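Undergrad: Input final09.txt, format and content: compact mmCIF, C-alpha atoms.
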```
# COMPACT_ATOMS: atom_id res chain seq x y z
CA MET O 1 12.31 -17.33 -28.51
CA ARG O 2 15.59 -19.26 -28.79
CA TYR O 3 17.17 -17.41 -25.87
CA PHE O 4 13.96 -17.36 -23.87
CA ARG O 5 14.02 -21.12 -23.30
CA LEU O 6 17.36 -20.72 -21.57
CA LEU O 7 15.86 -17.92 -19.50
CA VAL O 8 12.98 -20.23 -18.53
CA LEU O 9 15.52 -22.87 -17.49
CA GLY O 10 17.41 -20.38 -15.31
CA ASN O 11 14.16 -19.07 -13.83
CA GLY O 12 13.00 -22.60 -13.12
CA ILE O 13 16.27 -23.40 -11.33
CA SER O 14 15.95 -20.30 -9.12
CA ALA O 15 12.26 -21.17 -8.53
CA TYR O 16 13.35 -24.61 -7.36
CA GLY O 17 15.69 -22.88 -4.93
CA SER O 18 12.87 -20.65 -3.75
CA TYR O 19 10.53 -23.58 -3.00
CA LEU O 20 13.33 -25.53 -1.33
CA ASN O 21 14.14 -22.37 0.62
CA MET O 22 10.49 -21.95 1.63
CA VAL O 23 10.38 -25.34 3.32
CA ALA O 24 13.92 -25.51 4.69
CA LEU O 25 13.94 -22.02 6.16
CA ASN O 26 10.54 -22.32 7.81
CA VAL O 27 11.58 -25.58 9.48
CA PHE O 28 14.98 -24.15 10.40
CA VAL O 29 13.44 -21.09 12.05
CA TYR O 30 11.34 -23.33 14.28
CA ASP O 31 14.27 -25.62 15.11
CA ALA O 32 16.61 -22.70 15.82
CA THR O 33 14.21 -20.76 18.02
CA GLY O 34 11.92 -23.48 19.36
CA SER O 35 9.06 -21.01 18.99
CA ALA O 36 6.04 -21.25 16.72
CA LEU O 37 5.61 -17.50 17.20
CA ALA O 38 9.10 -16.86 15.82
CA ALA O 39 8.36 -19.07 12.81
CA GLY O 40 5.11 -17.19 12.18
CA LEU O 41 6.89 -13.85 12.57
CA PHE O 42 9.48 -14.93 9.99
CA MET O 43 6.74 -15.67 7.47
CA ALA O 44 4.98 -12.40 8.33
CA VAL O 45 8.16 -10.37 7.78
CA ARG O 46 8.75 -12.07 4.45
CA LEU O 47 5.18 -11.46 3.26
CA ALA O 48 5.15 -7.85 4.48
CA THR O 49 8.41 -7.22 2.64
CA SER O 50 6.91 -8.70 -0.52
CA VAL O 51 3.93 -6.33 -0.27
CA VAL O 52 6.12 -3.25 0.17
CA SER O 53 8.53 -4.48 -2.48
CA GLY O 54 5.72 -4.55 -5.04
CA TRP O 55 5.34 -0.76 -4.85
CA VAL O 56 9.11 -0.17 -4.84
CA SER O 57 9.77 -2.70 -7.61
CA GLY O 58 7.31 -0.97 -9.92
CA ARG O 59 9.35 2.22 -9.67
CA LEU O 60 12.68 0.44 -10.03
CA VAL O 61 11.80 -1.54 -13.15
CA SER O 62 10.40 1.63 -14.73
CA ALA O 63 13.61 3.55 -14.13
CA TYR O 64 16.49 1.05 -14.38
CA ASP O 65 17.71 -1.80 -16.57
CA ARG O 66 15.51 -4.80 -15.78
CA LYS O 67 18.10 -7.41 -16.67
CA ARG O 68 20.55 -5.93 -14.16
CA LEU O 69 17.82 -5.77 -11.53
CA MET O 70 16.99 -9.47 -12.00
CA VAL O 71 20.66 -10.46 -11.86
CA GLY O 72 21.16 -8.29 -8.78
CA ALA O 73 18.10 -9.79 -7.08
CA ASP O 74 19.39 -13.34 -7.61
CA LEU O 75 22.88 -12.40 -6.40
CA CYS O 76 21.51 -10.70 -3.29
CA GLN O 77 19.56 -13.81 -2.35
CA ALA O 78 22.60 -16.01 -2.94
CA VAL O 79 24.82 -13.76 -0.79
CA ALA O 80 22.21 -13.65 1.99
CA LEU O 81 21.97 -17.44 2.06
CA LEU O 82 25.76 -17.88 2.00
CA THR O 83 26.05 -15.40 4.87
CA LEU O 84 23.61 -17.48 6.89
CA LEU O 85 25.57 -20.59 5.92
CA ILE O 86 28.94 -19.36 7.18
CA ALA O 87 27.63 -17.45 10.20
CA PRO O 88 28.26 -18.95 13.66
CA ASP O 89 25.36 -20.94 15.05
CA SER O 90 24.88 -18.40 17.83
CA THR O 91 24.15 -15.58 15.37
CA ARG O 92 22.01 -17.45 12.84
CA ALA O 93 18.72 -16.80 14.62
CA GLY O 94 19.27 -13.05 14.46
CA LEU O 95 20.14 -13.18 10.75
CA LEU O 96 16.93 -14.98 9.84
CA TYR O 97 14.75 -11.87 9.81
CA ALA O 98 17.26 -10.00 7.66
CA LEU O 99 17.15 -12.97 5.30
CA ALA O 100 13.34 -12.79 5.28
CA VAL O 101 13.56 -9.16 4.15
CA VAL O 102 16.10 -9.93 1.43
CA THR O 103 14.31 -12.97 0.02
CA GLY O 104 10.85 -11.37 0.19
CA GLY O 105 11.97 -8.16 -1.48
CA CYS O 106 14.26 -9.66 -4.11
CA SER O 107 11.86 -12.39 -5.21
CA THR O 108 9.13 -9.82 -5.81
CA LEU O 109 11.52 -7.49 -7.65
CA SER O 110 12.67 -10.33 -9.88
CA GLN O 111 9.09 -11.36 -10.66
CA VAL O 112 7.97 -7.82 -11.51
CA ALA O 113 11.03 -7.19 -13.69
CA LEU O 114 10.64 -10.46 -15.60
CA ARG O 115 6.92 -10.09 -16.24
CA SER O 116 7.43 -6.52 -17.40
CA SER O 117 10.21 -7.57 -19.77
CA ILE O 118 8.63 -10.48 -21.62
CA PRO O 119 7.02 -8.47 -24.48
CA GLU O 120 10.42 -6.89 -25.18
CA ILE O 121 12.33 -10.18 -24.91
CA VAL O 122 10.14 -12.33 -27.16
CA GLY O 123 7.92 -9.81 -28.95
CA ALA O 124 4.32 -8.96 -28.09
CA GLU O 125 2.98 -11.63 -30.44
CA HIS O 126 4.79 -14.42 -28.55
CA ARG O 127 4.10 -13.28 -24.99
CA VAL O 128 1.27 -15.78 -24.32
CA ARG O 129 3.50 -18.70 -25.30
CA ALA O 130 6.34 -17.26 -23.22
CA ASN O 131 4.12 -16.82 -20.17
CA GLY O 132 2.95 -20.41 -20.56
CA LEU O 133 6.52 -21.68 -20.62
CA LEU O 134 7.28 -19.75 -17.44
CA VAL O 135 4.20 -21.21 -15.72
CA THR O 136 5.27 -24.71 -16.75
CA GLY O 137 8.83 -24.16 -15.54
CA ARG O 138 7.71 -22.86 -12.16
CA SER O 139 5.18 -25.68 -11.74
CA LEU O 140 7.85 -28.31 -12.33
CA ALA O 141 10.18 -26.43 -9.99
CA MET O 142 7.52 -26.40 -7.29
CA ILE O 143 7.08 -30.17 -7.48
CA ALA O 144 10.84 -30.74 -7.35
CA GLY O 145 11.37 -28.20 -4.57
CA PHE O 146 8.64 -29.49 -2.28
CA ALA O 147 9.43 -33.14 -3.02
CA SER O 148 13.17 -32.87 -2.39
CA SER O 149 13.20 -30.41 0.51
CA GLY O 150 12.42 -33.04 3.13
CA VAL O 151 15.06 -35.42 1.75
CA VAL O 152 17.73 -32.71 1.48
CA VAL O 153 17.15 -31.44 5.02
CA ALA O 154 16.80 -34.90 6.57
CA GLU O 155 19.74 -36.54 4.79
CA LEU O 156 22.16 -33.64 4.25
CA GLY O 157 21.17 -31.04 6.83
CA TYR O 158 20.30 -27.36 6.75
CA SER O 159 23.76 -26.25 5.61
CA ALA O 160 23.52 -28.36 2.46
CA ALA O 161 20.00 -27.04 1.80
CA PHE O 162 21.17 -23.42 2.12
CA ALA O 163 24.22 -24.09 -0.10
CA LEU O 164 22.07 -25.75 -2.76
CA ASP O 165 19.59 -22.89 -2.59
CA ALA O 166 22.37 -20.29 -3.00
CA ALA O 167 23.77 -22.25 -5.95
CA THR O 168 20.42 -22.14 -7.77
CA PHE O 169 20.34 -18.35 -7.53
CA LEU O 170 23.93 -18.10 -8.76
CA VAL O 171 23.07 -20.29 -11.77
CA SER O 172 20.03 -18.15 -12.54
CA ALA O 173 22.05 -14.92 -12.27
CA THR O 174 24.74 -16.33 -14.57
CA VAL O 175 22.23 -17.42 -17.21
CA LEU O 176 20.51 -14.02 -17.14
CA PHE O 177 23.80 -12.15 -17.32
CA LEU O 178 25.05 -14.11 -20.33
CA LEU O 179 21.83 -14.03 -22.38
CA PRO O 180 21.82 -11.28 -25.05
CA VAL O 181 18.24 -10.16 -24.44
CA ARG O 182 16.66 -6.70 -24.42
CA THR O 183 14.32 -6.04 -21.52
CA ARG O 184 13.19 -2.49 -22.33
CA ALA O 185 11.56 -0.88 -25.36
CA ALA O 186 14.03 0.99 -27.55
CA LYS O 187 13.41 4.74 -27.21
CA ASP O 188 15.37 7.89 -27.82
CA ALA O 189 16.54 9.91 -24.83
CA ALA O 190 13.87 12.60 -25.13
CA GLY O 191 11.09 10.08 -25.49
CA GLY O 192 12.40 8.10 -22.54
CA ALA O 193 12.43 11.16 -20.30
CA ALA O 194 8.88 12.06 -21.27
CA ASP O 195 7.70 8.53 -20.69
CA SER O 196 9.41 8.43 -17.30
CA SER O 197 7.65 11.62 -16.28
CA ALA O 198 4.32 10.19 -17.42
CA ALA O 199 4.96 6.96 -15.52
CA VAL O 200 5.43 8.89 -12.28
CA ARG O 201 1.92 10.28 -12.66
CA TRP O 202 0.54 6.84 -13.52
CA THR O 203 -1.00 5.87 -10.21
CA ALA O 204 -3.75 3.60 -8.96
CA ARG O 205 -6.10 6.57 -8.96
CA MET O 206 -5.43 7.17 -12.65
CA LEU O 207 -5.97 3.47 -13.30
CA LEU O 208 -9.40 3.65 -11.72
CA GLY O 209 -10.36 6.39 -14.14
CA THR O 210 -8.68 5.14 -17.30
CA ALA O 211 -8.52 1.36 -17.00
CA PRO O 212 -11.22 0.16 -14.60
CA LEU O 213 -11.19 -3.35 -16.07
CA LEU O 214 -7.50 -3.70 -15.24
CA MET O 215 -8.20 -2.59 -11.69
CA ALA O 216 -11.06 -5.10 -11.49
CA MET O 217 -8.71 -7.87 -12.65
CA ILE O 218 -6.12 -6.86 -10.07
CA ALA O 219 -8.84 -6.90 -7.39
CA VAL O 220 -9.83 -10.41 -8.48
CA ARG O 221 -6.20 -11.52 -8.16
CA ALA O 222 -6.05 -10.06 -4.65
CA VAL O 223 -9.14 -12.04 -3.65
CA ASP O 224 -7.67 -15.09 -5.38
CA GLY O 225 -4.73 -14.61 -3.03
CA LEU O 226 -7.14 -14.93 -0.12
CA GLY O 227 -8.46 -18.15 -1.61
CA SER O 228 -4.98 -19.52 -2.26
CA SER O 229 -3.95 -18.89 1.33
CA SER O 230 -7.03 -20.71 2.62
CA HIS O 231 -6.34 -23.95 0.77
CA ASN O 232 -2.61 -23.73 1.56
CA VAL O 233 -3.34 -23.47 5.29
CA ALA O 234 -6.20 -25.96 5.26
CA LEU O 235 -4.47 -28.62 3.17
CA PRO O 236 -2.29 -30.17 5.95
CA ILE O 237 -5.29 -30.28 8.30
CA TYR O 238 -7.54 -31.84 5.69
CA SER O 239 -4.87 -34.33 4.61
CA SER O 240 -4.33 -35.40 8.23
CA SER O 241 -8.04 -36.01 8.66
CA LEU O 242 -8.07 -38.27 5.58
CA ASP O 243 -5.11 -40.38 6.69
CA PRO O 244 -3.70 -39.61 10.15
CA ASP O 245 -0.90 -42.17 9.70
CA HIS O 246 0.28 -40.71 6.37
CA PRO O 247 -0.72 -37.02 6.34
CA ALA O 248 1.66 -36.12 3.52
CA THR O 249 0.07 -38.50 1.01
CA PHE O 250 -2.85 -36.36 -0.08
CA ILE O 251 -0.72 -33.20 0.01
CA SER O 252 1.73 -34.76 -2.45
CA GLN O 253 -1.07 -35.98 -4.69
CA PHE O 254 -2.73 -32.57 -4.61
CA TRP O 255 0.31 -30.51 -5.55
CA ALA O 256 1.56 -32.95 -8.17
CA THR O 257 -1.86 -33.02 -9.86
CA TRP O 258 -2.20 -29.25 -9.57
CA ALA O 259 1.15 -28.80 -11.31
CA ILE O 260 0.16 -31.21 -14.09
CA GLY O 261 -2.97 -29.10 -14.58
CA ASN O 262 -0.79 -26.00 -14.92
CA ILE O 263 1.26 -27.70 -17.62
CA VAL O 264 -1.89 -28.81 -19.45
CA ALA O 265 -3.14 -25.21 -19.37
CA GLN O 266 0.04 -24.00 -21.05
CA GLN O 267 -0.46 -26.47 -23.88
CA VAL O 268 -4.15 -25.69 -24.28
CA ILE O 269 -3.86 -21.92 -24.28
CA GLY O 270 -1.00 -22.09 -26.76
CA ARG O 271 -3.09 -24.09 -29.20
CA VAL O 272 -6.20 -21.95 -28.66
CA THR O 273 -4.27 -18.74 -29.24
CA LYS O 274 -2.65 -20.07 -32.38
CA LYS O 275 -5.93 -21.39 -33.80
CA ALA O 276 -8.09 -18.38 -32.91
CA GLY O 277 -5.48 -15.79 -33.85
CA ARG O 278 -6.05 -13.77 -30.69
CA THR O 279 -5.36 -13.99 -27.00
CA PRO O 280 -8.18 -14.66 -24.51
CA GLY O 281 -9.37 -11.50 -22.74
CA GLU O 282 -11.16 -10.39 -19.59
CA ARG O 283 -14.15 -12.71 -19.99
CA ALA O 284 -11.92 -15.76 -20.24
CA PHE O 285 -10.01 -14.55 -17.19
CA ALA O 286 -13.17 -14.16 -15.11
CA LEU O 287 -14.58 -17.53 -16.22
CA GLY O 288 -11.28 -19.30 -15.59
CA ALA O 289 -11.02 -17.81 -12.11
CA CYS O 290 -14.54 -19.07 -11.29
CA VAL O 291 -13.66 -22.59 -12.43
CA MET O 292 -10.40 -22.50 -10.48
CA SER O 293 -12.05 -21.50 -7.19
CA ALA O 294 -14.86 -24.02 -7.68
CA GLY O 295 -12.29 -26.74 -8.27
CA PHE O 296 -10.46 -25.96 -5.04
CA ILE O 297 -13.73 -26.06 -3.10
CA VAL O 298 -14.58 -29.48 -4.56
CA VAL O 299 -11.15 -30.81 -3.52
CA PHE O 300 -12.05 -30.22 0.15
CA SER O 301 -15.62 -31.54 -0.09
CA GLY O 302 -14.80 -35.05 1.16
CA LEU O 303 -14.93 -36.88 -2.17
CA PRO O 304 -13.03 -40.13 -2.69
CA THR O 305 -9.42 -39.82 -3.79
CA VAL O 306 -9.92 -40.17 -7.55
CA PRO O 307 -12.65 -37.49 -7.93
CA ALA O 308 -10.71 -35.21 -5.57
CA VAL O 309 -7.56 -35.59 -7.66
CA ILE O 310 -9.55 -34.85 -10.83
CA ALA O 311 -10.89 -31.70 -9.16
CA ALA O 312 -7.30 -30.72 -8.28
CA LEU O 313 -6.33 -31.27 -11.93
CA VAL O 314 -9.16 -28.99 -13.10
CA ALA O 315 -8.26 -26.39 -10.48
CA GLY O 316 -4.60 -26.50 -11.53
CA ALA O 317 -5.46 -26.16 -15.22
CA ALA O 318 -7.81 -23.24 -14.54
CA ASP O 319 -5.19 -21.66 -12.25
CA GLY O 320 -2.53 -21.89 -14.94
CA PHE O 321 -4.89 -20.65 -17.64
CA THR O 322 -6.00 -17.69 -15.52
CA GLU O 323 -2.45 -16.67 -14.66
CA ILE O 324 -1.33 -16.78 -18.30
CA VAL O 325 -4.33 -14.74 -19.46
CA TYR O 326 -3.91 -12.25 -16.61
CA VAL O 327 -0.19 -11.67 -17.11
CA SER O 328 -0.57 -11.48 -20.89
CA ARG O 329 -3.36 -8.92 -20.49
CA LEU O 330 -1.29 -6.69 -18.22
CA GLN O 331 1.63 -6.94 -20.63
CA THR O 332 -0.37 -5.06 -23.26
CA ALA O 333 0.23 -1.85 -21.28
CA PRO O 334 2.92 0.48 -22.70
CA ASP O 335 6.44 -0.46 -21.63
CA GLU O 336 6.95 2.67 -19.53
CA GLN O 337 3.82 1.87 -17.48
CA ARG O 338 4.12 -1.90 -17.35
CA GLY O 339 6.54 -2.04 -14.43
CA ARG O 340 4.31 -0.01 -12.12
CA LEU O 341 1.31 -2.06 -13.15
CA PHE O 342 3.01 -5.33 -12.25
CA GLY O 343 4.32 -3.79 -9.05
CA LEU O 344 0.78 -2.84 -8.06
CA SER O 345 -0.39 -6.32 -8.97
CA ALA O 346 2.33 -7.98 -6.88
CA SER O 347 1.45 -5.86 -3.85
CA ALA O 348 -2.25 -6.68 -4.22
CA GLU O 349 -1.66 -10.42 -4.61
CA ASN O 350 0.79 -10.61 -1.69
CA THR O 351 -1.52 -8.54 0.50
CA GLY O 352 -4.41 -10.89 -0.22
CA PHE O 353 -2.28 -13.96 0.41
CA GLY O 354 -0.76 -12.63 3.63
CA LEU O 355 -4.09 -11.46 5.03
CA GLY O 356 -5.65 -14.77 4.07
CA MET O 357 -2.94 -16.72 5.90
CA LEU O 358 -3.72 -14.87 9.12
CA VAL O 359 -7.52 -14.99 8.86
CA SER O 360 -7.84 -18.56 7.57
CA GLY O 361 -5.44 -19.83 10.23
CA ALA O 362 -7.63 -18.25 12.92
CA LEU O 363 -10.86 -19.53 11.37
CA LEU O 364 -9.58 -23.09 11.13
CA GLU O 365 -9.47 -23.17 14.93
CA THR O 366 -13.27 -23.13 14.85
CA PHE O 367 -14.45 -24.15 11.38
CA SER O 368 -13.73 -27.10 9.11
CA PRO O 369 -11.32 -26.86 6.13
CA LEU O 370 -14.27 -27.09 3.72
CA GLN O 371 -16.07 -24.18 5.40
CA VAL O 372 -13.00 -21.95 5.36
CA VAL O 373 -11.94 -22.80 1.80
CA ALA O 374 -15.52 -22.47 0.52
CA SER O 375 -15.87 -19.06 2.18
CA PHE O 376 -12.68 -17.61 0.75
CA HIS O 377 -12.95 -19.14 -2.71
CA GLY O 378 -16.68 -18.45 -2.72
CA LEU O 379 -15.90 -14.76 -2.29
CA ALA O 380 -13.61 -14.99 -5.32
CA ILE O 381 -16.38 -16.68 -7.34
CA VAL O 382 -18.85 -13.92 -6.44
CA LEU O 383 -16.39 -11.22 -7.50
CA CYS O 384 -15.51 -13.05 -10.73
CA ALA O 385 -19.17 -13.61 -11.54
CA GLY O 386 -19.82 -9.91 -11.02
CA LEU O 387 -16.95 -9.03 -13.35
CA LEU O 388 -18.21 -11.50 -15.94
CA LEU O 389 -21.74 -10.09 -15.81
CA LEU O 390 -20.34 -6.58 -16.18
CA LEU O 391 -18.34 -7.61 -19.23
CA LEU O 392 -21.32 -9.38 -20.79
CA SER O 393 -23.58 -6.39 -20.19
CA ARG O 394 -21.08 -4.06 -21.80
CA GLY O 395 -20.72 -6.32 -24.79
CA ARG O 396 -17.82 -5.51 -27.02
CA THR O 397 -15.59 -2.82 -25.57
CA ARG O 398 -13.13 -0.49 -27.15
CA ASP O 399 -10.34 -1.07 -24.67
CA PRO O 400 -7.31 -0.99 -27.03
CA SER O 401 -5.52 -3.81 -25.25
CA ALA O 402 -8.38 -6.15 -24.44
CA ALA O 403 -7.46 -8.61 -27.15
CA GLU O 404 -5.14 -9.01 -30.06
CA THR O 405 -5.06 -10.56 -33.48
CA ILE O 406 -1.65 -12.08 -34.07
CA GLY O 407 -0.42 -11.54 -37.56
CA GLN O 408 2.91 -12.01 -39.25
CA GLY O 409 5.38 -10.20 -37.05
CA ARG O 410 2.91 -7.56 -35.84
CA THR O 411 -0.01 -7.17 -33.46
CA THR O 412 -3.30 -5.78 -34.71
CA VAL O 413 -5.58 -4.31 -32.08
CA THR O 414 -9.21 -5.40 -32.07
CA GLU O 415 -12.16 -4.82 -29.84
CA GLY O 416 -12.32 -6.61 -26.48
CA GLN O 417 -12.95 -10.30 -26.60
CA GLY O 418 -14.10 -12.64 -23.86
```
As structure tokens - that is how I would like this structure written.

TA:
Amino acid sequence: MRYFRLLVLGNGISAYGSYLNMVALNVFVYDATGSALAAGLFMAVRLATSVVSGWVSGRLVSAYDRKRLMVGADLCQAVALLTLLIAPDSTRAGLLYALAVVTGGCSTLSQVALRSSIPEIVGAEHRVRANGLLVTGRSLAMIAGFASSGVVVAELGYSAAFALDAATFLVSATVLFLLPVRTRAAKDAAGGAADSSAAVRWTARMLLGTAPLLMAMIAVRAVDGLGSSSHNVALPIYSSSLDPDHPATFISQFWATWAIGNIVAQQVIGRVTKKAGRTPGERAFALGACVMSAGFIVVFSGLPTVPAVIAALVAGAADGFTEIVYVSRLQTAPDEQRGRLFGLSASAENTGFGLGMLVSGALLETFSPLQVVASFHGLAIVLCAGLLLLLLSRGRTRDPSAAETIGQGRTTVTEGQG
């Protein structure tokens, strides 16, 4: 774990760049083109690339060195941003869509490679703690990125924002390159070839037959993406209705409280795992997802500020808890299959989020933020409740990776736990 903290720092720095990039680029596209359609198309290209990249990334991280892929992904994003920075003003608008492809594809590749590598970097018995540290790092980066983006763009301009963003990716690539970490399971050549051949045949269809619970969890995450898009789109509208003179106030309170909840979740799940001697399983995932969606619905229900902020804290904690449990559960898959599994997951989550952005944006023209958010997150609650009932009816399962008992330097497989 001693090197992993440095990796978390580098990942957090690049995440800060990504969130800064998200705001600065979207505003720049609108300023450069003067078209809301062009700004929407930029976001659509980026999301579509992320969906496609999930499938491609799964194959890449199963076949190539994951550390090199992560370093390459960071460097590609830095080069793309520097190219935009030095390009003449007349050509910048045309480069934006190429940048959308690069950032969408590389960010997904980096995420899939990192999540697939964690059990090999820190050991399977420490993966829950490692996932929690990553969630904390990205939550802090999100607060810093969103909070500083307006100041950086307003005070220093777009060029400074792009240069700072490129620098964060260069720092992340340097940290990754210098860290002496192993990102793949050690195997002999013959075993590696056999595993690679087996991974090629490891498709979504096979998952449906051999690991239906994993597919159900991935489906829940896709629907969670729908819910996340709804509250992301509805939040500015709802915040403006609360305080038309200061529309950013509630948005800032919401995201700051949400991030604090994520950090609290990391602390709680670490203590629970250590005390119980096993990681939470599918039941905890389904229950946490229900609480998360319910919390987001309450946020938009028109409560006074303090109860609404408390609901955001609960939603953030449940969101962080659910993500840690979900990622840790998928990481129990064999190393040669893990990359494709996380690639499939990334495609499903990005598809849900992208589709939700389009549909919720259209629905908000007619319906209130509460109605839209309640519909999308309500769908997630129904699906999670169905999964939870299925798990309860099955009782204890014999899925070999449903839960683990953490011993001294080894992992002992037990029957599925909720």

Undergrad: So what do you get for atom CA of O:Glu365 versus atom CA of O:Val233, distance-wise?

TA: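 Pair atom CA of O:Glu365 / atom CA of O:Val233 returns 11.4 Å.
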
Undergrad: Let me make sure I understand: among O:Met70, O:Ala222, O:Ala100, O:Val372, which one has the smallest atom-to-atom distance to O:Ser116 if we use only C-alpha atoms?

TA: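 Once distances to O:Ser116 are computed over only C-alpha atoms, the minimum belongs to O:Met70.
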
Undergrad: Please work out which residues fall within 9 Å of (-13.2, -19.6, -7.8), coordinates as given in the file, with only C-alpha atoms counting, and return them as a PyMOL selection string.

TA: chain O and resi 224+227+287-297+315+376-384

Undergrad: Taking only C-alpha atoms into account, which of O:Tyr19, O:Ala163, O:Gly354, O:Arg184 comes nearest O:Met43?

TA: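 For O:Met43, the nearest of the candidates is O:Gly354.
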
Undergrad: Rank nothing, just name the residue among O:Ala284, O:Leu75, O:Ala308, O:Glu336 nearest to O:Phe177, using all atoms listed in the file.

TA: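 Under the stated criterion, the closest residue is O:Leu75.
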
Undergrad: Separation of atom CA of O:Ser110 and atom CA of O:Lys67, in Å?

TA: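 So the answer is 9.2 Å.
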
Undergrad: Please provide as a ChimeraX atom specification all residues within 10 Å of O:Thr83, with the sequence filter that same-chain residues fewer than 5 positions apart are discarded (counting all atoms listed in the file).

TA: /O:77-78,88,92,95,99,162,166

Undergrad: Please write the residues from the selection above to a file, keeping C-alpha atoms, as a PDB file, keeping the file's coordinate frame.

TA:
```pdb
ATOM      1  CA  GLN O  77      19.560 -13.810  -2.350  1.00  0.00           C
ATOM      2  CA  ALA O  78      22.600 -16.010  -2.940  1.00  0.00           C
ATOM      3  CA  PRO O  88      28.260 -18.950  13.660  1.00  0.00           C
ATOM      4  CA  ARG O  92      22.010 -17.450  12.840  1.00  0.00           C
ATOM      5  CA  LEU O  95      20.140 -13.180  10.750  1.00  0.00           C
ATOM      6  CA  LEU O  99      17.150 -12.970   5.300  1.00  0.00           C
ATOM      7  CA  PHE O 162      21.170 -23.420   2.120  1.00  0.00           C
ATOM      8  CA  ALA O 166      22.370 -20.290  -3.000  1.00  0.00           C
TER       9      ALA O 166
END
```

Undergrad: Determine the nearest neighbour of O:Arg182 from the options O:Leu303, O:Leu81, O:Ala154, O:Ile118, counting only C-alpha atoms.

TA: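 Looking at the shortest contact to O:Arg182, the residue is O:Ile118.
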
Undergrad: Near O:Leu7, counting all atoms listed in the file, which residues have an atom at most 8 Å away, once you skip same-chain residues fewer than 3 positions from it, shown as a VMD selection string?

TA: chain O and resid 3 to 4 10 to 11 175 to 176 179

Undergrad: Atom CA of O:Val102 to atom CA of O:Ile218: how many Å, to one decimal?

TA: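 One can read the atom CA of O:Val102 to atom CA of O:Ile218 distance as 25.2 Å.
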
Undergrad: Return the single residue from O:Leu133, O:Ala147, O:Ile121, O:Ala286 that is closest to O:Leu390, with distances computed using all atoms listed in the file.

TA: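 So, comparing all the options, the nearest one is O:Ala286.
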
Undergrad: O:Val122, O:Ala317, O:Ala312, O:Leu242: which is nearest O:Val268, counting only C-alpha atoms?

TA: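 Among O:Val122, O:Ala317, O:Ala312, O:Leu242, it is O:Ala317 that comes nearest to O:Val268.
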
Undergrad: Hey, what's within 12 Å of O:Thr249 if we count all atoms listed in the file and toss same-chain stuff fewer than 2 positions away? As a list in words, please?

TA: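 So the residues in contact are Ala147, Leu235, Pro236, Tyr238, Ser239, Ser240, Ser241, Leu242, Asp243, Pro244, Asp245, His246, Pro247, Ile251, Ser252, Gln253, Phe254, Trp255, Ala256, Thr305 and Val309 of chain O.
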